[in-house]
$ cat coords-v4.cif   # mmCIF, C-alpha atoms
data_input
#
loop_
_atom_site.label_atom_id
_atom_site.label_comp_id
_atom_site.auth_asym_id
_atom_site.auth_seq_id
_atom_site.Cartn_x
_atom_site.Cartn_y
_atom_site.Cartn_z
CA MET Z 1 -5.60 -19.46 32.34
CA PHE Z 2 -4.60 -20.31 28.82
CA GLY Z 3 -3.99 -17.49 26.43
CA GLU Z 4 -3.74 -14.81 29.09
CA LYS Z 5 -0.25 -13.76 28.10
CA ALA Z 6 -1.22 -13.55 24.48
CA TYR Z 7 -4.03 -11.26 25.54
CA ILE Z 8 -1.57 -8.98 27.33
CA LEU Z 9 0.50 -8.89 24.15
CA ILE Z 10 -2.45 -7.81 22.06
CA LYS Z 11 -3.41 -5.20 24.63
CA GLU Z 12 0.07 -3.76 24.45
CA LEU Z 13 -0.26 -3.61 20.68
CA ASP Z 14 -3.60 -1.89 20.91
CA ARG Z 15 -2.36 0.74 23.32
CA SER Z 16 0.36 1.96 20.99
CA ARG Z 17 -1.30 2.08 17.63
CA ASP Z 18 0.89 4.55 15.79
CA SER Z 19 4.22 3.93 17.41
CA LEU Z 20 6.51 0.97 17.77
CA PRO Z 21 7.14 -0.09 21.35
CA PRO Z 22 10.21 -2.23 22.03
CA TYR Z 23 9.91 -5.76 20.72
CA ASN Z 24 8.57 -7.82 23.61
CA THR Z 25 10.97 -10.75 23.45
CA GLU Z 26 10.19 -11.86 26.98
CA LEU Z 27 6.46 -12.15 26.57
CA ILE Z 28 6.79 -13.80 23.17
CA GLY Z 29 9.13 -16.33 24.73
CA GLU Z 30 6.66 -17.01 27.54
CA ILE Z 31 3.83 -17.52 25.10
CA GLY Z 32 6.08 -19.84 23.11
CA ASN Z 33 6.72 -21.85 26.25
CA GLU Z 34 3.04 -22.02 27.02
CA ILE Z 35 2.41 -23.36 23.54
CA LYS Z 36 5.19 -25.91 23.91
CA GLN Z 37 3.78 -27.04 27.23
CA LEU Z 38 0.29 -27.39 25.87
CA ILE Z 39 1.51 -29.42 22.94
CA ALA Z 40 3.51 -31.71 25.20
CA GLN Z 41 0.51 -32.27 27.47
CA ASN Z 42 -1.68 -32.95 24.50
CA GLN Z 43 0.72 -35.49 23.13
CA GLU Z 44 0.85 -37.22 26.49
CA ASP Z 45 -2.90 -37.43 26.73
CA ALA Z 46 -3.20 -38.57 23.18
CA GLN Z 47 -0.72 -41.31 23.92
CA VAL Z 48 -2.69 -42.43 26.96
CA THR Z 49 -5.88 -42.41 24.92
CA GLU Z 50 -4.33 -44.62 22.33
CA ASP Z 51 -2.94 -47.07 24.85
CA SER Z 52 -5.93 -47.47 27.09
CA HIS Z 53 -9.37 -48.86 26.42
CA ALA Z 54 -11.96 -46.82 24.70
CA ALA Z 55 -14.23 -46.59 27.75
CA GLU Z 56 -11.92 -44.63 30.06
CA SER Z 57 -10.17 -42.59 27.42
CA VAL Z 58 -13.21 -40.65 26.24
CA SER Z 59 -12.87 -38.11 29.01
CA TYR Z 60 -9.56 -36.89 27.62
CA ILE Z 61 -10.85 -35.77 24.31
CA PRO Z 62 -12.48 -32.51 25.48
CA THR Z 63 -9.31 -31.57 27.36
CA VAL Z 64 -7.20 -32.11 24.29
CA LYS Z 65 -9.60 -30.06 22.21
CA ILE Z 66 -9.56 -27.16 24.60
CA ARG Z 67 -5.78 -27.17 24.72
CA HIS Z 68 -5.67 -27.25 20.98
CA ALA Z 69 -7.95 -24.25 20.77
CA ALA Z 70 -5.68 -22.42 23.20
CA ILE Z 71 -2.64 -23.23 21.07
CA LYS Z 72 -4.32 -21.94 17.97
CA ARG Z 73 -5.38 -18.79 19.71
CA ASN Z 74 -1.89 -18.15 21.02
CA VAL Z 75 -0.36 -18.62 17.60
CA ARG Z 76 -2.89 -16.29 16.13
CA CYS Z 77 -2.15 -13.60 18.68
CA ILE Z 78 1.57 -13.89 18.01
CA LEU Z 79 1.03 -13.57 14.28
CA ALA Z 80 -1.30 -10.62 14.74
CA TYR Z 81 1.29 -8.92 16.91
CA HIS Z 82 3.96 -9.30 14.27
CA TYR Z 83 1.72 -8.41 11.38
CA ASN Z 84 0.66 -5.16 12.95
CA ARG Z 85 4.19 -4.21 13.82
CA ILE Z 86 5.12 -4.78 10.21
CA LYS Z 87 2.29 -2.54 9.10
CA CYS Z 88 3.67 0.17 11.33
CA LEU Z 89 7.16 -0.39 9.94
CA LYS Z 90 5.78 0.00 6.45
CA THR Z 91 4.41 3.43 7.21
CA MET Z 92 7.78 4.36 8.61
CA ARG Z 93 9.50 3.24 5.41
CA TRP Z 94 7.42 5.81 3.57
CA GLN Z 95 8.10 8.42 6.19
CA PHE Z 96 11.81 8.11 6.79
CA GLY Z 97 13.09 6.37 3.69
CA SER Z 98 15.28 3.31 3.70
CA ILE Z 99 17.31 4.29 6.75
CA LEU Z 100 15.48 4.03 10.03
CA PRO Z 101 16.19 6.40 12.91
CA PRO Z 102 18.34 4.64 15.54
CA ASP Z 103 15.69 4.85 18.26
CA VAL Z 104 13.21 2.96 16.09
CA LYS Z 105 15.79 0.43 15.09
CA ALA Z 106 16.57 -0.34 18.70
CA ASN Z 107 12.97 -1.47 19.19
CA LEU Z 108 13.01 -4.08 16.47
CA SER Z 109 13.77 -7.75 16.51
CA ALA Z 110 16.43 -9.26 14.25
CA SER Z 111 13.81 -10.79 12.01
CA GLU Z 112 12.03 -7.47 11.67
CA ILE Z 113 15.21 -5.69 10.66
CA GLU Z 114 15.78 -8.35 8.05
CA TRP Z 115 12.23 -7.99 6.80
CA PHE Z 116 12.57 -4.24 6.63
CA SER Z 117 15.70 -4.26 4.52
CA GLN Z 118 14.13 -6.81 2.22
CA TYR Z 119 10.97 -4.73 1.88
CA SER Z 120 12.99 -1.62 1.30
CA ASN Z 121 15.00 -3.33 -1.40
CA SER Z 122 12.04 -4.60 -3.33
CA LEU Z 123 10.43 -1.18 -3.09
CA VAL Z 124 13.50 0.50 -4.51
CA HIS Z 125 13.70 -2.15 -7.19
CA TYR Z 126 10.09 -1.50 -8.13
CA MET Z 127 10.50 2.27 -8.22
CA ARG Z 128 13.48 1.93 -10.51
CA SER Z 129 11.55 -0.18 -12.98
CA ILE Z 130 8.85 2.41 -13.67
CA GLY Z 131 9.18 4.60 -16.71
CA GLU Z 132 12.48 5.23 -18.38
CA ASP Z 133 14.73 5.91 -15.47
CA GLY Z 134 12.55 5.21 -12.49
CA ILE Z 135 10.47 7.48 -10.34
CA ASN Z 136 10.64 8.16 -6.65
CA LEU Z 137 7.21 7.38 -5.23
CA ALA Z 138 8.16 8.65 -1.82
CA VAL Z 139 7.96 12.31 -2.86
CA ASP Z 140 4.72 14.17 -3.55
CA LEU Z 141 2.88 12.31 -0.83
CA LYS Z 142 0.40 15.15 -0.57
CA PRO Z 143 -1.17 16.95 -3.49
CA PRO Z 144 1.01 19.94 -4.35
CA LYS Z 145 -0.75 23.25 -3.79
CA SER Z 146 2.04 25.65 -4.40
CA LEU Z 147 5.59 25.58 -5.60
CA TYR Z 148 7.16 27.21 -2.59
CA ILE Z 149 6.24 26.78 1.02
CA GLU Z 150 7.26 28.51 4.18
CA VAL Z 151 9.09 26.33 6.63
CA ARG Z 152 10.53 26.75 10.07
CA CYS Z 153 13.66 24.91 11.05
CA LEU Z 154 13.33 22.81 14.20
CA VAL Z 155 16.91 21.64 14.68
CA ASP Z 156 20.39 22.82 13.79
CA TYR Z 157 20.72 20.96 10.53
CA GLY Z 158 23.65 22.70 8.92
CA GLN Z 159 24.13 23.46 5.27
CA PHE Z 160 21.58 22.44 2.72
CA GLU Z 161 22.11 22.66 -0.99
CA LEU Z 162 19.21 23.30 -3.30
CA ASN Z 163 18.88 21.88 -6.78
CA ASP Z 164 19.84 25.19 -8.38
CA GLY Z 165 23.15 25.14 -6.53
CA SER Z 166 22.53 27.74 -3.89
CA VAL Z 167 23.49 26.75 -0.36
CA LEU Z 168 21.67 27.90 2.71
CA LEU Z 169 22.24 27.42 6.40
CA LEU Z 170 19.41 25.73 8.29
CA LYS Z 171 19.55 27.00 11.83
CA ARG Z 172 17.15 26.30 14.64
CA ASN Z 173 14.10 28.57 14.57
CA SER Z 174 15.07 30.18 11.28
CA ARG Z 175 12.39 30.61 8.66
CA HIS Z 176 12.81 29.85 4.98
CA TYR Z 177 10.83 30.00 1.81
CA LEU Z 178 11.79 26.87 -0.12
CA PRO Z 179 10.70 24.78 -3.10
CA ARG Z 180 8.22 22.25 -1.75
CA ASN Z 181 9.61 19.18 -3.46
CA GLU Z 182 13.08 19.76 -2.11
CA CYS Z 183 12.23 20.17 1.53
CA GLU Z 184 9.43 17.62 1.69
CA GLU Z 185 11.73 14.90 2.89
CA LEU Z 186 13.21 17.12 5.59
CA ILE Z 187 9.72 17.91 6.82
CA ARG Z 188 8.92 14.23 7.16
CA ARG Z 189 12.17 13.66 9.01
CA GLY Z 190 11.22 16.37 11.44
CA VAL Z 191 13.99 18.79 10.53
CA LEU Z 192 11.66 21.39 9.10
CA GLU Z 193 8.12 22.30 9.96
CA HIS Z 194 5.61 23.56 7.44
CA VAL Z 195 4.24 26.91 8.54
CA VAL Z 196 0.68 27.25 7.34
CA MET B 1 -7.77 24.87 -14.13
CA ASP B 2 -8.72 25.81 -17.65
CA LEU B 3 -5.85 28.20 -17.83
CA ASP B 4 -3.45 25.56 -16.64
CA THR B 5 -4.40 23.04 -19.27
CA ASP B 6 -4.16 25.69 -21.96
CA GLU B 7 -0.70 26.55 -20.85
CA LEU B 8 0.15 22.92 -20.80
CA GLU B 9 -0.91 22.44 -24.34
CA ASN B 10 1.14 25.38 -25.52
CA LEU B 11 4.11 23.88 -23.85
CA MET B 12 3.71 20.52 -25.42
CA GLU B 13 2.20 21.41 -28.75
CA ASP B 14 4.71 19.59 -30.86
CA ASP B 15 4.71 16.50 -28.71
CA ASP B 16 1.51 14.95 -30.02
CA ASP B 17 2.54 11.61 -31.40
CA VAL B 18 1.28 10.81 -34.84
CA ASN B 19 0.20 7.30 -34.04
CA VAL B 20 -1.66 8.18 -30.83
CA GLN B 21 -4.53 10.52 -31.51
CA LEU B 22 -4.53 12.08 -28.08
CA THR B 23 -3.96 15.61 -26.96
CA SER B 24 -2.09 15.99 -23.73
CA ALA B 25 -5.19 17.34 -22.02
CA GLU B 26 -7.08 14.18 -22.95
CA LEU B 27 -4.24 12.09 -21.68
CA ILE B 28 -4.24 13.83 -18.34
CA GLU B 29 -7.98 13.40 -18.16
CA MET B 30 -7.58 9.67 -18.68
CA MET B 31 -4.90 9.55 -16.06
CA GLU B 32 -7.17 11.37 -13.63
CA GLU B 33 -9.93 8.91 -14.32
CA ILE B 34 -7.88 5.78 -13.74
CA TRP B 35 -6.47 7.38 -10.62
CA VAL B 36 -9.90 8.06 -9.18
CA ASN B 37 -11.11 4.62 -10.18
CA GLU B 38 -8.18 2.99 -8.45
CA LYS B 39 -8.71 5.15 -5.43
CA PHE B 40 -12.31 4.20 -4.86
CA ALA B 41 -12.46 0.64 -6.11
CA PRO B 42 -12.08 -1.79 -3.23
CA GLU B 43 -10.10 -4.29 -5.29
CA ILE B 44 -7.15 -3.86 -7.62
CA LEU B 45 -8.05 -2.93 -11.19
CA PRO B 46 -6.34 -4.01 -14.41
CA ASN B 47 -3.10 -2.10 -14.87
CA LYS B 48 -2.99 0.84 -17.28
CA SER B 49 0.70 0.84 -17.91
CA GLU B 50 0.34 2.39 -21.39
CA ILE B 51 -1.29 5.50 -19.95
CA VAL B 52 1.18 5.71 -17.09
CA ASP B 53 4.11 5.38 -19.48
CA CYS B 54 2.65 8.06 -21.74
CA VAL B 55 2.19 10.46 -18.86
CA LEU B 56 5.69 9.80 -17.56
CA GLY B 57 7.01 10.51 -21.02
CA GLN B 58 5.09 13.78 -21.04
CA ILE B 59 6.54 14.75 -17.69
CA ASN B 60 10.05 14.05 -18.90
CA TYR B 61 9.47 16.08 -22.01
CA MET B 62 7.99 18.99 -20.11
CA GLU B 63 10.86 18.99 -17.66
CA ARG B 64 13.34 19.12 -20.50
CA ASN B 65 11.41 22.02 -21.95
CA LEU B 66 11.36 23.74 -18.60
CA ASN B 67 15.09 23.57 -18.32
CA THR B 68 15.42 25.63 -21.47
CA LEU B 69 13.34 28.42 -19.96
CA GLN B 70 15.08 31.14 -18.04
CA CYS B 71 14.78 31.24 -14.28
CA THR B 72 13.39 34.75 -14.36
CA ASP B 73 10.59 33.74 -16.66
CA PHE B 74 7.28 34.04 -14.87
CA LYS B 75 5.84 31.15 -16.83
CA LYS B 76 8.39 28.73 -15.47
CA GLY B 77 6.88 28.64 -12.01
CA ILE B 78 3.42 27.90 -13.34
CA HIS B 79 4.64 25.14 -15.58
CA GLN B 80 6.74 23.65 -12.84
CA LEU B 81 3.72 23.47 -10.58
CA GLU B 82 1.75 21.84 -13.34
CA VAL B 83 4.44 19.21 -13.79
CA ASP B 84 4.44 18.58 -10.06
CA ARG B 85 0.72 18.15 -10.07
CA ILE B 86 0.80 15.64 -12.89
CA ARG B 87 3.57 13.78 -11.20
CA TYR B 88 1.53 13.63 -8.04
CA LEU B 89 -1.28 12.08 -10.06
CA VAL B 90 0.97 9.31 -11.32
CA THR B 91 2.80 8.60 -8.09
CA SER B 92 -0.38 8.62 -6.08
CA TYR B 93 -1.91 6.16 -8.51
CA LEU B 94 1.05 3.83 -8.29
CA ARG B 95 1.19 4.13 -4.52
CA GLN B 96 -2.47 3.29 -4.33
CA ARG B 97 -1.85 0.10 -6.25
CA LEU B 98 1.14 -0.85 -4.13
CA GLU B 99 -0.91 -0.41 -1.01
CA LYS B 100 -3.58 -2.74 -2.33
CA ILE B 101 -0.97 -5.26 -3.38
CA GLU B 102 0.55 -5.22 0.07
CA THR B 103 -2.74 -5.58 1.89
CA TYR B 104 -4.23 -8.31 -0.26
CA VAL B 105 -1.01 -9.90 -1.47
CA PHE B 106 -2.06 -13.54 -1.10
CA HIS B 107 -5.49 -12.95 -2.56
CA ILE B 108 -4.18 -10.97 -5.52
CA LEU B 109 -1.44 -13.42 -6.39
CA LYS B 110 -3.92 -16.28 -6.27
CA GLN B 111 -6.24 -14.44 -8.61
CA GLU B 112 -3.38 -13.64 -10.94
CA GLU B 113 -2.48 -17.30 -11.08
CA GLN B 114 -6.03 -18.20 -12.00
CA ARG B 115 -6.04 -15.54 -14.68
CA ALA B 116 -2.80 -16.83 -16.12
CA GLU B 117 -4.26 -20.34 -16.21
CA ARG B 118 -7.30 -19.17 -18.08
CA GLY B 119 -5.10 -17.18 -20.39
CA GLU B 120 -6.74 -13.88 -19.45
CA LEU B 121 -5.05 -10.53 -19.29
CA LEU B 122 -3.04 -10.08 -16.10
CA TYR B 123 -3.93 -7.20 -13.80
CA LEU B 124 -0.48 -6.53 -12.43
CA THR B 125 2.40 -5.22 -14.44
CA GLU B 126 5.54 -7.29 -14.48
CA ALA B 127 7.24 -5.05 -11.96
CA GLU B 128 4.24 -5.13 -9.67
CA GLN B 129 4.11 -8.89 -9.94
CA GLN B 130 7.75 -9.09 -8.93
CA PHE B 131 7.18 -6.77 -6.03
CA ALA B 132 4.20 -8.81 -4.88
CA MET B 133 6.17 -12.04 -5.01
CA LYS B 134 9.00 -10.57 -3.01
CA TYR B 135 6.63 -9.05 -0.51
CA LYS B 136 4.90 -12.39 -0.04
CA GLU B 137 8.20 -14.17 0.44
CA GLY B 138 9.32 -11.62 2.99
CA LEU B 139 6.11 -11.92 4.96
CA LYS B 140 6.24 -15.70 4.89
CA GLN B 141 9.86 -15.71 6.00
CA HIS B 142 9.13 -13.36 8.85
CA PHE B 143 6.16 -15.39 10.06
CA GLU B 144 8.20 -18.55 9.90
CA ASN B 145 10.96 -16.91 11.88
CA VAL B 146 8.65 -15.86 14.68
CA THR B 147 7.03 -19.27 14.99
CA SER B 148 10.27 -21.18 14.66
CA PHE B 149 10.42 -21.92 18.39
CA TYR B 150 8.24 -24.96 17.81
CA PRO B 151 8.51 -26.59 14.41
CA GLY B 152 5.28 -27.96 13.09
CA LEU B 153 2.93 -25.49 14.74
CA PRO B 154 -0.52 -25.18 13.21
CA VAL B 155 0.52 -22.01 11.39
CA GLU B 156 -1.13 -22.98 8.14
CA ASP B 157 -4.23 -21.23 9.42
CA TRP B 158 -3.19 -17.75 8.43
CA ARG B 159 -2.68 -18.88 4.88
CA ASN B 160 -6.28 -20.02 4.71
CA GLN B 161 -7.68 -16.91 6.30
CA LEU B 162 -6.70 -14.44 3.66
CA VAL B 163 -7.35 -10.75 3.76
CA VAL B 164 -9.73 -10.12 0.90
CA PRO B 165 -11.14 -6.85 -0.39
CA ASN B 166 -14.76 -6.19 0.40
CA ILE B 167 -16.23 -6.02 -3.06
CA HIS B 168 -19.70 -5.47 -1.66
CA SER B 169 -18.82 -2.02 -0.43
CA PHE B 170 -20.70 0.89 -1.93
CA VAL B 171 -19.24 3.22 -4.50
CA PHE B 172 -20.33 6.40 -6.23
CA LEU B 173 -20.25 6.26 -9.96
CA LYS B 174 -20.94 8.33 -13.00
CA ALA B 175 -22.01 6.69 -16.21
CA ARG B 176 -20.40 7.40 -19.54
CA ASN B 177 -22.28 5.03 -21.79
CA ASN B 178 -25.81 3.76 -21.76
CA VAL B 179 -26.00 0.46 -19.95
CA GLU B 180 -29.26 -1.42 -19.67
CA GLY B 181 -30.24 -4.14 -17.31
CA VAL B 182 -27.60 -3.92 -14.63
CA VAL B 183 -28.49 -6.55 -12.05
CA ILE B 184 -28.19 -5.36 -8.50
CA ASP B 185 -26.73 -8.38 -6.82
CA THR B 186 -28.13 -8.61 -3.32
CA GLY B 187 -26.61 -11.99 -2.66
CA ARG B 188 -30.01 -13.66 -2.75
CA ASP B 189 -31.14 -15.29 -5.95
CA ASP B 190 -34.83 -14.55 -5.82
CA ASP B 191 -35.34 -10.79 -5.77
CA ASN B 192 -32.64 -9.13 -7.79
CA ASP B 193 -33.54 -5.65 -9.00
CA VAL B 194 -32.56 -4.51 -12.44
CA VAL B 195 -31.56 -0.94 -13.18
CA ASP B 196 -30.74 0.97 -16.35
CA ILE B 197 -27.88 3.41 -16.31
CA ASN B 198 -28.19 6.49 -18.50
CA PRO B 199 -25.15 8.38 -19.73
CA GLY B 200 -24.15 11.12 -17.33
CA SER B 201 -26.24 9.83 -14.47
CA GLN B 202 -24.74 9.35 -11.06
CA MET B 203 -25.60 6.68 -8.56
CA ILE B 204 -24.47 4.90 -5.47
CA ILE B 205 -24.37 1.17 -5.83
CA SER B 206 -22.58 -1.83 -4.40
CA TYR B 207 -19.29 -2.39 -6.18
CA ASN B 208 -19.82 -6.04 -7.08
CA SER B 209 -22.79 -5.16 -9.32
CA VAL B 210 -20.72 -2.88 -11.52
CA VAL B 211 -17.28 -4.53 -11.53
CA ASP B 212 -17.33 -5.24 -15.24
CA LEU B 213 -18.66 -1.79 -16.12
CA VAL B 214 -15.81 -0.14 -14.23
CA LYS B 215 -13.24 -2.38 -15.86
CA ASN B 216 -14.38 -1.71 -19.40
CA SER B 217 -14.92 1.96 -18.49
CA ASP B 218 -18.62 2.24 -19.25
CA VAL B 219 -18.84 3.99 -15.94
CA HIS B 220 -16.26 5.65 -13.76
CA LEU B 221 -16.12 6.07 -10.03
CA ILE B 222 -16.33 9.44 -8.36
#
$ encode --input "coords-v4.cif" --output "structure tokens"
Amino acid sequence: MFGEKAYILIKELDRSRDSLPPYNTELIGEIGNEIKQLIAQNQEDAQVTEDSHAAESVSYIPTVKIRHAAIKRNVRCILAYHYNRIKCLKTMRWQFGSILPPDVKANLSASEIEWFSQYSNSLVHYMRSIGEDGINLAVDLKPPKSLYIEVRCLVDYGQFELNDGSVLLLKRNSRHYLPRNECEELIRRGVLEHVV
Amino acid sequence: MDLDTDELENLMEDDDDVNVQLTSAELIEMMEEIWVNEKFAPEILPNKSEIVDCVLGQINYMERNLNTLQCTDFKKGIHQLEVDRIRYLVTSYLRQRLEKIETYVFHILKQEEQRAERGELLYLTEAEQQFAMKYKEGLKQHFENVTSFYPGLPVEDWRNQLVVPNIHSFVFLKARNNVEGVVIDTGRDDDNDVVDINPGSQMIISYNSVVDLVKNSDVHLI
């Protein structure tokens, strides 16, 4: 049936709302082929309709219309798939900053990577243009409640230098009491965990 | 909170510009208001870049002041937290706007164009405008890439089906000035109710009936 593959694509999207599954090149290609086929068939029928007499050609028109609807639906599904992936990527830009973790990057298509770097660039450009010397909008994502927070280290991160120059060693399972604005990024990257 | 603002004022006492008759507390209050408005309004509001710039200037000044304080000073921590809080206010406000721009990019840019044609005040700042243009280009490019397997597809559809903000959604508001004869727009012409808004009163109302009041700050959203 027409549009079945597109439906599978959307289902896949729906199942993984907050994560990015690998880019489904295969299925997209198949849907593309289906669209190509439908268009070719439509053109054929349209040609026949034009050539033949009006009386026998009428029966083709509904077929062409249905195929056209299927094409439109397929295109729409493809666009929806890409749009929603981009939305997910956007959240990740805020989470991880301009450099994506390798496992996420492996799941993207070439066009998506290109889009991401472009988006990241314009965001940086915008942030720089605010105020006198720019402002980083990616910090203070949550309203600050206190200056220092207690964090637990989840991985062996190594040395970490604070703004006041003191260096501390972040070891797995060690606990620290750190300035919130300095470790916020590490929390989002999953290095530290906020202990409430 | 009272204590905090008092402290704040002490810290910035000599910063009150002569030409702007605003204390820092009033400034922060204004910032809070535009932040809340932006947060609850379904569509993007006119930019308030003057206020944002003022607040950013304040933050810079306070941070310079903070650096002169000694680390052992108890007051430093409190002031630092205050600065962080104000910064959160500003960044959250700007983020809020960016999010709206991203979601409704085609709609907003179209509206901006119309405003420019009519010679009205633009809602986006120059930087936001630039960002929106780039974002739109990127999205267009990406969509063209993914449909490039068959040139001439009927892809124009998505450009006609824009994502638009739902301006009929309901908002809570608090009135500052007395406004009489606000027409509650139900979408039907025949039975529109009229309501008077008294200063200080709070109500829940559909956003499209009070758009202008929010924009000229007769009321503010809560």
$ resolve_selection --input "coords-v4.cif" --expression "the PyMOL selection byres ((chain Z) within 9 of (chain B))" --output "ChimeraX atom specification"
/Z:28-29,32-33,35-36,71-72,75-76,78-79,82-83,86,111-112,114-116,118-119,122-123,125-127,129-132,135-147,181
$ write_last_selection --input "coords-v4.cif" --atoms "C-alpha atoms" --output "short mmCIF file (atom, residue, chain, number, x, y, z; two decimals), in the frame of the given file"
data_model
loop_
_atom_site.label_atom_id
_atom_site.label_comp_id
_atom_site.auth_asym_id
_atom_site.auth_seq_id
_atom_site.Cartn_x
_atom_site.Cartn_y
_atom_site.Cartn_z
CA ILE Z 28 6.79 -13.80 23.17
CA GLY Z 29 9.13 -16.33 24.73
CA GLY Z 32 6.08 -19.84 23.11
CA ASN Z 33 6.72 -21.85 26.25
CA ILE Z 35 2.41 -23.36 23.54
CA LYS Z 36 5.19 -25.91 23.91
CA ILE Z 71 -2.64 -23.23 21.07
CA LYS Z 72 -4.32 -21.94 17.97
CA VAL Z 75 -0.36 -18.62 17.60
CA ARG Z 76 -2.89 -16.29 16.13
CA ILE Z 78 1.57 -13.89 18.01
CA LEU Z 79 1.03 -13.57 14.28
CA HIS Z 82 3.96 -9.30 14.27
CA TYR Z 83 1.72 -8.41 11.38
CA ILE Z 86 5.12 -4.78 10.21
CA SER Z 111 13.81 -10.79 12.01
CA GLU Z 112 12.03 -7.47 11.67
CA GLU Z 114 15.78 -8.35 8.05
CA TRP Z 115 12.23 -7.99 6.80
CA PHE Z 116 12.57 -4.24 6.63
CA GLN Z 118 14.13 -6.81 2.22
CA TYR Z 119 10.97 -4.73 1.88
CA SER Z 122 12.04 -4.60 -3.33
CA LEU Z 123 10.43 -1.18 -3.09
CA HIS Z 125 13.70 -2.15 -7.19
CA TYR Z 126 10.09 -1.50 -8.13
CA MET Z 127 10.50 2.27 -8.22
CA SER Z 129 11.55 -0.18 -12.98
CA ILE Z 130 8.85 2.41 -13.67
CA GLY Z 131 9.18 4.60 -16.71
CA GLU Z 132 12.48 5.23 -18.38
CA ILE Z 135 10.47 7.48 -10.34
CA ASN Z 136 10.64 8.16 -6.65
CA LEU Z 137 7.21 7.38 -5.23
CA ALA Z 138 8.16 8.65 -1.82
CA VAL Z 139 7.96 12.31 -2.86
CA ASP Z 140 4.72 14.17 -3.55
CA LEU Z 141 2.88 12.31 -0.83
CA LYS Z 142 0.40 15.15 -0.57
CA PRO Z 143 -1.17 16.95 -3.49
CA PRO Z 144 1.01 19.94 -4.35
CA LYS Z 145 -0.75 23.25 -3.79
CA SER Z 146 2.04 25.65 -4.40
CA LEU Z 147 5.59 25.58 -5.60
CA ASN Z 181 9.61 19.18 -3.46
#
$ resolve_selection --input "coords-v4.cif" --expression "the PyMOL selection byres ((chain B and resi 108-124) around 9)" --output "list of chain:residue names"
B:Glu43, B:Ile44, B:Leu45, B:Pro46, B:Asn47, B:Lys48, B:Lys100, B:Ile101, B:Tyr104, B:Val105, B:Phe106, B:His107, B:Thr125, B:Glu126, B:Ala127, B:Glu128, B:Gln129, B:Ala132, B:Met133, B:Val164
$ residues_around --input "coords-v4.cif" --residues "Ser98 in chain Z" --least-positions-apart "3" --cutoff "9 Å" --atoms "only C-alpha atoms" --output "MDAnalysis selection string"
chainID Z and resid 93:94 116:117 120:121 124
$ resolve_selection --input "coords-v4.cif" --expression "the PyMOL selection byres ((chain B and resi 42) around 7)" --output "PyMOL selection string"
chain B and resi 40-41+43-44+165-167
$ residues_around --input "coords-v4.cif" --residues "Leu108 in chain Z" --least-positions-apart "3" --cutoff "7 Å" --atoms "only C-alpha atoms" --output "PyMOL selection string"
chain Z and resi 22-23+105+112-113
$ write_last_selection --input "coords-v4.cif" --atoms "C-alpha atoms" --output "PDB file, in the coordinates of the input"
ATOM      1  CA  PRO Z  22      10.210  -2.230  22.030  1.00  0.00           C
ATOM      2  CA  TYR Z  23       9.910  -5.760  20.720  1.00  0.00           C
ATOM      3  CA  LYS Z 105      15.790   0.430  15.090  1.00  0.00           C
ATOM      4  CA  GLU Z 112      12.030  -7.470  11.670  1.00  0.00           C
ATOM      5  CA  ILE Z 113      15.210  -5.690  10.660  1.00  0.00           C
TER       6      ILE Z 113
END
$ residues_around --input "coords-v4.cif" --residues "Gln43 in chain Z" --least-positions-apart "2" --cutoff "12 Å" --atoms "all atoms listed in the file" --output "list in words"
Lys36, Gln37, Leu38, Ile39, Ala40, Gln41, Asp45, Ala46, Gln47, Val48, Thr49, Glu50, Tyr60, Ile61, Thr63, Val64, Lys65, Arg67 and His68 of chain Z
$ atom_distance --input "coords-v4.cif" --atom1 "CA of Pro62 in chain Z" --atom2 "CA of Glu44 in chain Z"
14.2 Å
$ residues_near_point --input "coords-v4.cif" --point "(15.5, 29.1, 5.2)" --cutoff "12 Å" --atoms "all atoms listed in the file" --output "tab-separated table (two decimals) with C-alpha atoms, in the frame of the given file"
chain	number	residue	atom	x	y	z
Z	148	TYR	CA	7.16	27.21	-2.59
Z	149	ILE	CA	6.24	26.78	1.02
Z	150	GLU	CA	7.26	28.51	4.18
Z	151	VAL	CA	9.09	26.33	6.63
Z	152	ARG	CA	10.53	26.75	10.07
Z	153	CYS	CA	13.66	24.91	11.05
Z	154	LEU	CA	13.33	22.81	14.20
Z	156	ASP	CA	20.39	22.82	13.79
Z	157	TYR	CA	20.72	20.96	10.53
Z	158	GLY	CA	23.65	22.70	8.92
Z	159	GLN	CA	24.13	23.46	5.27
Z	160	PHE	CA	21.58	22.44	2.72
Z	161	GLU	CA	22.11	22.66	-0.99
Z	162	LEU	CA	19.21	23.30	-3.30
Z	166	SER	CA	22.53	27.74	-3.89
Z	167	VAL	CA	23.49	26.75	-0.36
Z	168	LEU	CA	21.67	27.90	2.71
Z	169	LEU	CA	22.24	27.42	6.40
Z	170	LEU	CA	19.41	25.73	8.29
Z	171	LYS	CA	19.55	27.00	11.83
Z	172	ARG	CA	17.15	26.30	14.64
Z	173	ASN	CA	14.10	28.57	14.57
Z	174	SER	CA	15.07	30.18	11.28
Z	175	ARG	CA	12.39	30.61	8.66
Z	176	HIS	CA	12.81	29.85	4.98
Z	177	TYR	CA	10.83	30.00	1.81
Z	178	LEU	CA	11.79	26.87	-0.12
Z	179	PRO	CA	10.70	24.78	-3.10
Z	183	CYS	CA	12.23	20.17	1.53
Z	191	VAL	CA	13.99	18.79	10.53
Z	192	LEU	CA	11.66	21.39	9.10
Z	193	GLU	CA	8.12	22.30	9.96
Z	194	HIS	CA	5.61	23.56	7.44
Z	195	VAL	CA	4.24	26.91	8.54
